file model_24.cif (mmCIF, C-alpha atoms)
data_input
#
loop_
_atom_site.label_atom_id
_atom_site.label_comp_id
_atom_site.auth_asym_id
_atom_site.auth_seq_id
_atom_site.Cartn_x
_atom_site.Cartn_y
_atom_site.Cartn_z
CA MET A 1 -96.52 52.55 -20.56
CA MET A 2 -95.13 50.54 -17.78
CA ALA A 3 -97.40 49.45 -14.89
CA GLU A 4 -96.56 50.55 -11.40
CA THR A 5 -96.14 46.98 -10.26
CA ASP A 6 -93.61 46.17 -12.98
CA HIS A 7 -90.04 46.46 -11.84
CA LEU A 8 -87.10 47.34 -13.94
CA SER A 9 -84.39 45.08 -12.60
CA LEU A 10 -82.94 44.36 -15.99
CA MET A 11 -82.64 48.04 -16.82
CA LEU A 12 -81.13 49.19 -13.57
CA GLY A 13 -77.61 48.07 -14.44
CA PRO A 14 -77.57 49.91 -17.77
CA PHE A 15 -79.20 52.89 -16.01
CA GLU A 16 -76.38 52.95 -13.53
CA ASP A 17 -73.85 52.70 -16.33
CA ARG A 18 -75.51 55.43 -18.46
CA GLU A 19 -76.08 53.07 -21.28
CA LEU A 20 -79.79 53.69 -21.91
CA GLU A 21 -81.44 55.72 -24.61
CA PRO A 22 -82.75 59.08 -23.42
CA HIS A 23 -86.39 58.03 -23.39
CA GLU A 24 -85.52 54.81 -21.54
CA TYR A 25 -83.44 56.72 -19.08
CA GLN A 26 -86.33 59.08 -18.47
CA GLU A 27 -88.73 56.17 -18.03
CA VAL A 28 -86.52 54.37 -15.51
CA ALA A 29 -85.94 57.57 -13.59
CA PHE A 30 -89.73 58.16 -13.46
CA HIS A 31 -90.22 54.60 -12.16
CA LEU A 32 -87.53 54.86 -9.54
CA ALA A 33 -89.23 57.94 -8.11
CA ARG A 34 -92.22 55.75 -7.19
CA CYS A 35 -90.66 52.31 -6.52
CA GLU A 36 -88.66 51.84 -3.38
CA GLN A 37 -87.71 48.28 -4.28
CA CYS A 38 -86.08 49.29 -7.51
CA THR A 39 -84.45 52.27 -5.82
CA ALA A 40 -82.96 49.92 -3.25
CA GLU A 41 -81.83 47.56 -5.95
CA LEU A 42 -80.26 50.43 -7.86
CA ALA A 43 -78.48 51.46 -4.69
CA ASP A 44 -77.08 47.94 -4.47
CA TYR A 45 -75.84 48.17 -8.06
CA THR A 46 -74.27 51.49 -7.35
CA GLN A 47 -72.56 50.14 -4.28
CA ILE A 48 -71.24 47.10 -6.11
CA GLY A 49 -69.98 49.24 -8.97
CA ARG A 50 -68.27 51.63 -6.63
CA GLU A 51 -66.57 48.79 -4.81
CA LEU A 52 -65.47 47.17 -8.04
CA ARG A 53 -63.95 50.43 -9.24
CA THR A 54 -62.06 50.79 -6.00
CA LEU A 55 -60.41 47.43 -6.42
CA ASN A 56 -56.82 47.97 -7.56
CA LEU A 57 -55.72 44.80 -9.21
CA GLU A 58 -52.01 44.80 -9.83
CA LEU A 59 -51.48 42.16 -12.49
CA PRO A 60 -47.92 40.87 -12.84
CA LEU A 61 -46.54 42.37 -16.11
CA GLU A 62 -42.95 41.24 -15.87
CA GLY A 63 -41.92 39.53 -19.11
CA PHE A 64 -45.26 40.34 -20.67
CA LYS A 65 -43.76 42.40 -23.50
CA GLU A 66 -41.07 39.82 -24.26
CA ALA A 67 -43.65 37.06 -24.30
CA VAL A 68 -45.80 38.98 -26.75
CA MET A 69 -42.86 39.74 -29.00
CA GLN A 70 -41.78 36.10 -28.88
CA ARG A 71 -45.20 34.98 -29.98
CA ILE A 72 -45.13 37.50 -32.82
CA GLU A 73 -41.73 36.21 -33.87
CA ASN A 74 -43.02 32.67 -33.90
CA LEU A 75 -45.91 33.54 -36.18
CA PRO A 76 -45.42 32.03 -39.69
CA VAL A 77 -44.30 34.73 -42.20
CA PRO A 78 -45.56 34.49 -45.81
CA PHE A 79 -42.87 33.91 -48.45
CA THR A 80 -43.74 37.08 -50.38
CA LEU A 81 -43.38 39.13 -47.23
CA ARG A 82 -39.96 37.58 -46.55
CA LEU A 83 -38.85 38.42 -50.10
CA ARG A 84 -40.08 41.97 -49.73
CA ARG A 85 -38.17 42.36 -46.47
CA MET A 86 -35.01 40.93 -48.05
CA PHE A 87 -35.03 43.29 -51.05
CA GLY A 88 -35.98 46.15 -48.80
CA GLY A 89 -32.94 45.40 -46.68
CA ILE A 90 -30.67 45.31 -49.72
CA GLY A 91 -32.15 48.55 -50.99
CA GLU A 92 -31.43 50.23 -47.67
CA LEU A 93 -27.75 49.33 -48.02
CA PHE A 94 -27.37 51.45 -51.18
CA PRO A 95 -28.31 55.04 -51.87
CA SER A 96 -31.03 55.44 -54.47
CA ASN A 97 -28.63 56.90 -57.10
CA LEU A 98 -26.25 54.01 -56.69
CA GLY A 99 -29.11 51.58 -57.08
CA ILE A 100 -30.17 53.23 -60.32
CA ALA A 101 -26.57 53.18 -61.56
CA VAL A 102 -26.21 49.49 -60.75
CA ALA A 103 -29.49 48.70 -62.49
CA SER A 104 -28.36 50.69 -65.55
CA ALA A 105 -25.02 48.89 -65.64
CA VAL A 106 -26.74 45.51 -65.48
CA ALA A 107 -29.11 46.51 -68.28
CA ALA A 108 -26.19 47.77 -70.37
CA ALA A 109 -24.25 44.56 -69.83
CA ILE A 110 -27.24 42.48 -70.89
CA THR A 111 -27.63 44.66 -73.97
CA VAL A 112 -23.96 44.26 -74.83
CA ILE A 113 -24.14 40.51 -74.49
CA LEU A 114 -27.36 40.07 -76.42
CA VAL A 115 -27.23 42.72 -79.10
CA THR A 116 -23.68 43.62 -80.03
CA PRO A 117 -21.27 41.73 -82.26
CA TYR A 118 -19.82 40.23 -79.09
CA ALA A 119 -22.87 38.01 -78.98
CA GLN A 120 -22.44 37.24 -82.65
CA THR A 121 -18.82 36.34 -81.98
CA VAL A 122 -19.84 34.02 -79.18
CA THR A 123 -22.55 32.54 -81.37
CA ASN A 124 -20.20 32.07 -84.27
CA ARG A 125 -17.59 30.56 -81.98
CA SER A 126 -20.06 27.99 -80.72
CA GLY A 127 -21.29 27.47 -84.26
CA THR A 128 -17.73 26.94 -85.42
CA SER A 129 -17.07 24.38 -82.72
CA HIS A 130 -20.23 22.53 -83.71
CA GLU A 131 -19.17 22.70 -87.33
CA ILE A 132 -15.70 21.37 -86.49
CA ALA A 133 -17.24 18.57 -84.46
CA ARG A 134 -19.50 17.68 -87.39
CA VAL A 135 -16.59 17.70 -89.83
CA GLU A 136 -14.55 15.55 -87.46
CA ARG A 137 -17.39 13.04 -87.32
CA ASP A 138 -17.68 13.06 -91.11
CA LEU A 139 -13.95 12.55 -91.44
CA ALA A 140 -14.06 9.68 -89.00
CA THR A 141 -16.74 7.90 -91.00
CA ALA A 142 -15.40 8.74 -94.47
CA PRO A 143 -13.25 6.33 -96.43
CA ALA A 144 -9.52 6.71 -95.86
CA VAL A 145 -8.73 7.90 -99.39
CA THR A 146 -11.48 10.53 -99.31
CA THR A 147 -10.32 11.71 -95.93
CA GLN A 148 -6.74 12.01 -97.11
CA ASN A 149 -7.79 13.95 -100.21
CA ALA A 150 -9.98 16.25 -98.16
CA ARG A 151 -7.17 16.92 -95.70
CA THR A 152 -4.74 17.62 -98.52
CA GLU A 153 -7.13 20.07 -100.16
CA LEU A 154 -7.89 21.74 -96.86
CA ALA A 155 -4.20 22.11 -96.03
CA ARG A 156 -3.54 23.53 -99.49
CA ASP A 157 -6.39 26.03 -99.16
CA VAL A 158 -5.29 27.11 -95.71
CA ALA A 159 -1.69 27.49 -96.83
CA GLN A 160 -2.80 29.46 -99.86
CA VAL A 161 -4.91 31.80 -97.77
CA GLU A 162 -2.16 32.22 -95.17
CA GLU A 163 0.52 32.91 -97.73
CA GLU A 164 -1.42 35.50 -99.68
CA PRO A 165 -1.03 38.95 -98.19
CA GLN A 166 -4.22 40.90 -97.73
CA ALA A 167 -4.82 44.52 -98.53
CA VAL A 168 -4.49 46.82 -95.54
CA ILE A 169 -6.68 49.91 -95.48
CA SER A 170 -5.29 52.57 -93.16
CA LYS A 171 -7.69 55.38 -94.05
CA LEU A 172 -11.17 55.43 -95.52
CA GLU A 173 -13.20 58.60 -95.85
CA SER A 174 -16.52 58.99 -97.58
CA ASP A 175 -19.64 61.09 -97.29
CA ILE A 176 -21.67 57.94 -97.84
CA PRO A 177 -22.70 56.77 -94.38
CA SER A 178 -22.79 53.00 -94.87
CA VAL A 179 -19.64 52.01 -96.71
CA ALA A 180 -18.92 48.28 -96.60
CA VAL A 181 -15.42 46.81 -96.80
CA TRP A 182 -14.50 43.17 -97.04
CA ASN A 183 -11.78 40.86 -98.33
CA GLU A 184 -12.08 38.05 -100.83
CA PRO A 185 -8.85 36.23 -99.94
CA ARG A 186 -9.21 33.51 -102.57
CA MET A 187 -9.44 36.17 -105.26
CA ASP A 188 -6.74 38.53 -103.98
CA THR A 189 -9.40 41.17 -103.87
CA THR A 190 -10.52 43.77 -101.40
CA VAL A 191 -13.93 45.31 -101.93
CA ILE A 192 -15.09 48.76 -100.91
CA TRP A 193 -18.81 49.04 -101.54
CA LEU A 194 -20.42 52.46 -101.70
CA PRO A 195 -24.17 52.00 -101.48
CA ASP A 196 -26.12 53.98 -104.03
CA GLN A 197 -27.36 57.25 -102.58
CA GLN A 198 -29.80 58.11 -105.37
CA MET B 1 49.90 38.32 -119.49
CA LEU B 2 47.90 36.96 -116.61
CA ARG B 3 48.20 33.38 -115.78
CA SER B 4 44.98 31.42 -116.13
CA GLY B 5 44.70 30.85 -112.34
CA LYS B 6 44.58 34.56 -111.54
CA PHE B 7 41.97 35.63 -114.09
CA PRO B 8 38.86 34.30 -112.24
CA LEU B 9 40.06 35.94 -109.05
CA LEU B 10 40.46 39.30 -110.78
CA LEU B 11 37.03 38.96 -112.36
CA ALA B 12 35.47 38.27 -108.98
CA VAL B 13 37.11 41.34 -107.46
CA LEU B 14 35.87 43.56 -110.30
CA CYS B 15 32.35 42.21 -109.95
CA ALA B 16 32.39 42.80 -106.22
CA LEU B 17 33.43 46.40 -106.77
CA ALA B 18 30.81 46.96 -109.44
CA LEU B 19 27.78 45.48 -107.61
CA PRO B 20 27.24 48.34 -105.17
CA GLN B 21 27.30 50.80 -108.05
CA VAL B 22 24.63 48.84 -109.88
CA ALA B 23 22.52 48.60 -106.72
CA THR B 24 22.85 52.32 -106.12
CA ALA B 25 21.80 53.05 -109.68
CA GLN B 26 18.73 50.85 -109.26
CA GLN B 27 17.86 52.55 -106.01
CA MET B 28 18.02 55.92 -107.69
CA ARG B 29 15.47 54.85 -110.28
CA PRO B 30 11.90 55.35 -109.05
CA GLN B 31 9.83 52.21 -108.83
CA ILE B 32 7.30 52.04 -111.62
CA VAL B 33 3.83 50.78 -110.81
CA ILE B 34 1.44 49.53 -113.46
CA VAL B 35 -2.18 50.28 -112.70
CA ARG B 36 -5.12 48.61 -114.41
CA VAL B 37 -8.59 50.02 -114.01
CA ASP B 38 -11.65 48.25 -115.43
CA SER B 39 -15.15 49.64 -115.21
CA VAL B 40 -17.96 47.13 -115.22
CA LEU B 41 -21.68 47.67 -115.30
CA ALA B 42 -23.38 45.20 -112.97
CA ALA B 43 -27.13 44.89 -113.18
CA ASP B 44 -30.00 42.45 -112.81
CA THR B 45 -31.07 42.52 -116.44
CA ASN B 46 -30.33 38.84 -117.21
CA GLN B 47 -27.86 39.60 -120.01
CA GLY B 48 -25.11 37.38 -118.69
CA ILE B 49 -21.39 37.99 -118.44
CA ASP B 50 -19.57 40.00 -121.09
CA PRO B 51 -16.91 37.72 -122.68
CA GLN B 52 -14.54 40.71 -122.81
CA LEU B 53 -14.25 40.46 -119.04
CA GLY B 54 -12.39 37.16 -119.37
CA PRO B 55 -11.77 35.37 -116.06
CA MET B 56 -12.79 38.46 -114.15
CA GLY B 57 -16.45 37.94 -115.18
CA PRO B 58 -17.06 34.71 -113.25
CA ARG B 59 -15.12 36.09 -110.31
CA LEU B 60 -17.35 39.15 -110.16
CA HIS B 61 -20.42 36.96 -110.49
CA LYS B 62 -19.23 34.84 -107.60
CA MET B 63 -18.75 37.92 -105.44
CA PHE B 64 -21.81 40.00 -106.28
CA ARG B 65 -24.53 37.75 -107.77
CA TYR B 66 -25.79 40.16 -110.40
CA THR B 67 -27.18 38.68 -113.60
CA THR B 68 -25.42 41.07 -115.97
CA TYR B 69 -21.76 42.09 -116.08
CA GLN B 70 -20.73 44.29 -118.95
CA LEU B 71 -17.27 45.76 -119.47
CA VAL B 72 -17.61 49.50 -119.93
CA SER B 73 -14.00 50.58 -120.07
CA GLU B 74 -10.57 49.09 -119.64
CA GLN B 75 -7.66 51.39 -118.85
CA ASN B 76 -4.00 50.87 -118.07
CA GLY B 77 -1.46 53.30 -116.79
CA ARG B 78 2.10 53.48 -115.51
CA THR B 79 3.21 55.78 -112.82
CA GLU B 80 5.90 56.05 -110.23
CA MET B 81 6.04 56.61 -106.53
CA GLY B 82 4.53 59.92 -105.50
CA LYS B 83 2.99 60.65 -108.89
CA MET B 84 -0.75 60.61 -109.23
CA ILE B 85 -2.38 59.05 -112.25
CA GLU B 86 -5.90 59.96 -113.28
CA PHE B 87 -8.56 57.80 -114.89
CA THR B 88 -11.87 58.96 -116.30
CA MET B 89 -14.69 56.73 -115.15
CA PRO B 90 -18.17 56.24 -116.60
CA GLY B 91 -20.90 58.53 -115.32
CA GLY B 92 -18.66 61.58 -114.95
CA ARG B 93 -16.54 60.06 -112.24
CA ILE B 94 -12.80 60.52 -111.90
CA LEU B 95 -10.33 58.18 -110.23
CA HIS B 96 -7.00 59.34 -108.85
CA ILE B 97 -4.37 56.80 -107.86
CA GLU B 98 -1.06 57.71 -106.34
CA PRO B 99 1.45 55.04 -105.34
CA ARG B 100 3.26 56.16 -102.24
CA SER B 101 5.78 53.47 -101.35
CA ILE B 102 6.74 49.84 -101.61
CA ASP B 103 6.69 47.80 -98.42
CA GLY B 104 7.96 44.34 -99.18
CA ASN B 105 5.40 42.86 -101.52
CA MET B 106 2.85 45.55 -100.81
CA ILE B 107 2.20 48.74 -102.73
CA ALA B 108 1.06 51.62 -100.56
CA MET B 109 -1.20 53.97 -102.46
CA GLU B 110 -3.86 56.60 -102.15
CA VAL B 111 -7.09 56.16 -104.08
CA LEU B 112 -9.59 58.96 -104.57
CA LEU B 113 -12.88 58.68 -106.42
CA PHE B 114 -14.69 61.83 -107.43
CA GLN B 115 -18.21 62.41 -108.65
CA GLY B 116 -17.52 65.48 -110.71
CA GLU B 117 -15.61 67.69 -108.33
CA LYS B 118 -17.06 66.12 -105.21
CA PRO B 119 -14.95 63.42 -103.56
CA MET B 120 -16.90 60.21 -103.04
CA LEU B 121 -14.13 58.17 -101.50
CA THR B 122 -10.66 58.79 -100.13
CA THR B 123 -8.63 55.84 -98.97
CA ASP B 124 -5.06 54.97 -98.12
CA LEU B 125 -4.22 51.32 -98.45
CA LYS B 126 -1.52 48.80 -99.07
CA LEU B 127 -2.35 46.46 -101.90
CA PRO B 128 -0.44 43.26 -102.49
CA ASP B 129 1.57 43.17 -105.71
CA ASN B 130 -0.84 41.89 -108.37
CA GLY B 131 -3.70 42.30 -105.90
CA ASN B 132 -7.01 43.90 -106.72
CA LEU B 133 -9.16 46.53 -105.16
CA ILE B 134 -12.81 46.78 -106.14
CA VAL B 135 -14.71 49.98 -105.59
CA GLY B 136 -18.35 49.33 -106.32
CA GLY B 137 -21.82 50.58 -105.71
CA PRO B 138 -22.22 53.93 -107.48
CA HIS B 139 -25.34 53.97 -109.63
CA TYR B 140 -24.73 53.74 -113.34
CA GLU B 141 -27.34 53.35 -116.07
CA GLN B 142 -29.66 50.52 -115.03
CA GLY B 143 -27.33 49.06 -112.44
CA GLU B 144 -24.22 49.73 -110.41
CA LEU B 145 -20.70 50.52 -111.43
CA ILE B 146 -17.93 48.19 -110.33
CA ILE B 147 -14.40 49.55 -110.66
CA THR B 148 -11.63 47.01 -110.39
CA ILE B 149 -8.19 48.45 -109.64
CA GLY B 150 -5.14 46.27 -110.04
CA ALA B 151 -1.56 47.28 -109.35
CA ASN B 152 1.75 45.58 -109.79
CA MET B 153 5.37 46.60 -109.70
CA ALA B 154 6.85 46.92 -113.15
CA SER B 155 9.81 44.63 -113.84
CA ASP B 156 11.22 46.88 -116.55
CA VAL B 157 12.40 50.42 -116.13
CA ALA B 158 10.50 52.12 -118.90
CA SER B 159 9.41 55.65 -118.17
CA PRO B 160 5.92 56.21 -116.84
CA GLY B 161 3.23 57.41 -119.19
CA ALA B 162 -0.36 58.49 -119.15
CA ALA B 163 -3.27 56.15 -118.88
CA THR B 164 -4.43 54.40 -122.00
CA THR B 165 -7.98 53.37 -122.61
CA SER B 166 -9.05 50.25 -124.49
CA ALA B 167 -12.78 50.59 -124.22
CA GLN B 168 -14.14 54.09 -124.25
CA ALA B 169 -15.78 55.17 -121.06
CA LYS B 170 -19.32 56.27 -121.60
#

call {"tool": "encode", "arguments": {"input": "model_24.cif", "output": "structure tokens"}}
result
Amino acid sequence: MMAETDHLSLMLGPFEDRELEPHEYQEVAFHLARCEQCTAELADYTQIGRELRTLNLELPLEGFKEAVMQRIENLPVPFTLRLRRMFGGIGELFPSNLGIAVASAVAAAITVILVTPYAQTVTNRSGTSHEIARVERDLATAPAVTTQNARTELARDVAQVEEEPQAVISKLESDIPSVAVWNEPRMDTTVIWLPDQQ
Amino acid sequence: MLRSGKFPLLLAVLCALALPQVATAQQMRPQIVIVRVDSVLAADTNQGIDPQLGPMGPRLHKMFRYTTYQLVSEQNGRTEMGKMIEFTMPGGRILHIEPRSIDGNMIAMEVLLFQGEKPMLTTDLKLPDNGNLIVGGPHYEQGELIITIGANMASDVASPGAATTSAQAK
């Protein structure tokens, strides 16, 4: 319980601003009913508050928005956020269906390159070039007689293979799903292999 | 009597007149095709290469890498363009070969392989004269059957006949 002689200067401001708890508010109000000094002081607070609220400060706001936006623009942007914005911008250029179609086409192209015989052809082509380079090196280091013999044999083999006509299959029908066909040019033979179905 | 200087000239004229007739007569004769069909059992039973196969044995070994090659049957036949010739193969299989035409050095033909009445393979191909076609893979006994088909244009004009068999098909 507060003594009669105690004054409540520190609580008068919050009282005026309605910031006290209910029991504190009630206590201050009870004190003010008996203390002229505090009542006068509260009246001063009230007067000051009223005058402050009547002040109409017109702050200059011209260029304020632009200045704020400029400061935001100058803030450093994380790299991940920049990437996200970039891809988001690209994505907005295309409809979602077109984006899916493009992604599918890219995936199909990668599959074609990596999985199909096209890749094997490319691989074999590079392998062949390596093999030719190796043979060229061997020929360069081999004795002249050996090189000449090897070239003669190679030319003879190539001529033999080129001269011999190969079988031409224009139709091949079979119920067996995995029929294999290949040529053995050095043996004048074409093979049709029917895997055993039993 | 003709003087000796005119006789070669007369002979040349007669030959020139006769050549088209000979060519026409040859064109009228159907081209005969000789077909050879060998049936070989290929298996991995380590019995080696049958000497009856001759040079074909090592060639088959080089191509297929089995350890056993045994000649089962050897058949020859003559036929002409457009006429089918039939061979009985081991394991109840039947082979039909019909030469269709000659294109330069190539013999166009149709080859059909049946398992009983069911066709296993139908193919149209052009085979070089003296070339070989191998049809392999069907199961036979403890291995696979390899059928080698060879065809060449006959140089003589003997009439075609049925297929003859040297080794009996099983």

call {"tool": "resolve_selection", "arguments": {"input": "model_24.cif", "expression": "the PyMOL selection byres ((chain A) within 12 of (chain B))", "output": "ChimeraX atom specification"}}
result
/A:163-198

call {"tool": "atom_distance", "arguments": {"input": "model_24.cif", "atom1": "atom CA of A:Arg50", "atom2": "atom CA of A:Asp6"}}
result
26.7 Å

call {"tool": "resolve_selection", "arguments": {"input": "model_24.cif", "expression": "the PyMOL selection byres ((chain B and resi 86) around 9)", "output": "list in words"}}
result
Gly77, Met84, Ile85, Phe87, Thr88, Ile94, Leu95, His96, Ile97, Glu98, Ala162 and Ala163 of chain B

call {"tool": "atom_distance", "arguments": {"input": "model_24.cif", "atom1": "atom CA of B:Asp50", "atom2": "atom CA of B:Arg93"}}
result
22.1 Å

call {"tool": "atom_distance", "arguments": {"input": "model_24.cif", "atom1": "atom CA of A:Val106", "atom2": "atom CA of A:Leu83"}}
result
20.8 Å

call {"tool": "residues_near_point", "arguments": {"input": "model_24.cif", "point": "(-32.0, 48.5, -116.0)", "cutoff": "12 Å", "atoms": "only C-alpha atoms", "output": "JSON, numbers by chain"}}
result
{"B": [41, 42, 43, 44, 45, 46, 47, 66, 67, 68, 139, 140, 141, 142, 143, 144]}

call {"tool": "resolve_selection", "arguments": {"input": "model_24.cif", "expression": "the PyMOL selection byres ((chain B and resi 90) around 8)", "output": "ChimeraX atom specification"}}
result
/B:39,72-73,88-89,91-93,140,169-170

call {"tool": "closest_residue", "arguments": {"input": "model_24.cif", "among": "B:Val40, B:Met153, B:Gly57, B:Glu80", "to": "B:Asp103", "atoms": "all atoms listed in the file"}}
result
B:Met153

call {"tool": "build_atoms", "arguments": {"input": "model_24.cif", "residues": "stretch 60-73 of chain A", "atoms": "N, CA and C atoms", "output": "short mmCIF file (atom, residue, chain, number, x, y, z; two decimals), in the frame of the given file"}}
result
data_model
loop_
_atom_site.label_atom_id
_atom_site.label_comp_id
_atom_site.auth_asym_id
_atom_site.auth_seq_id
_atom_site.Cartn_x
_atom_site.Cartn_y
_atom_site.Cartn_z
N PRO A 60 -49.37 40.97 -12.60
CA PRO A 60 -47.92 40.87 -12.84
C PRO A 60 -47.60 41.03 -14.33
N LEU A 61 -46.85 42.08 -14.70
CA LEU A 61 -46.54 42.37 -16.11
C LEU A 61 -45.07 42.10 -16.46
N GLU A 62 -44.34 41.52 -15.57
CA GLU A 62 -42.95 41.24 -15.87
C GLU A 62 -42.85 40.17 -16.96
N GLY A 63 -42.10 40.47 -18.00
CA GLY A 63 -41.92 39.53 -19.11
C GLY A 63 -43.07 39.49 -20.08
N PHE A 64 -44.09 40.35 -19.79
CA PHE A 64 -45.26 40.34 -20.67
C PHE A 64 -44.88 40.78 -22.10
N LYS A 65 -44.12 41.87 -22.19
CA LYS A 65 -43.76 42.40 -23.50
C LYS A 65 -42.91 41.39 -24.29
N GLU A 66 -41.94 40.78 -23.59
CA GLU A 66 -41.07 39.82 -24.26
C GLU A 66 -41.87 38.62 -24.74
N ALA A 67 -42.83 38.20 -23.90
CA ALA A 67 -43.65 37.06 -24.30
C ALA A 67 -44.47 37.37 -25.55
N VAL A 68 -45.01 38.59 -25.57
CA VAL A 68 -45.80 38.98 -26.75
C VAL A 68 -44.92 39.03 -27.99
N MET A 69 -43.76 39.64 -27.85
CA MET A 69 -42.86 39.74 -29.00
C MET A 69 -42.39 38.36 -29.47
N GLN A 70 -42.19 37.46 -28.53
CA GLN A 70 -41.78 36.10 -28.88
C GLN A 70 -42.88 35.40 -29.67
N ARG A 71 -44.09 35.59 -29.25
CA ARG A 71 -45.20 34.98 -29.98
C ARG A 71 -45.33 35.57 -31.37
N ILE A 72 -45.08 36.88 -31.48
CA ILE A 72 -45.13 37.50 -32.82
C ILE A 72 -44.02 36.93 -33.70
N GLU A 73 -42.85 36.76 -33.09
CA GLU A 73 -41.73 36.21 -33.87
C GLU A 73 -42.04 34.80 -34.35
#
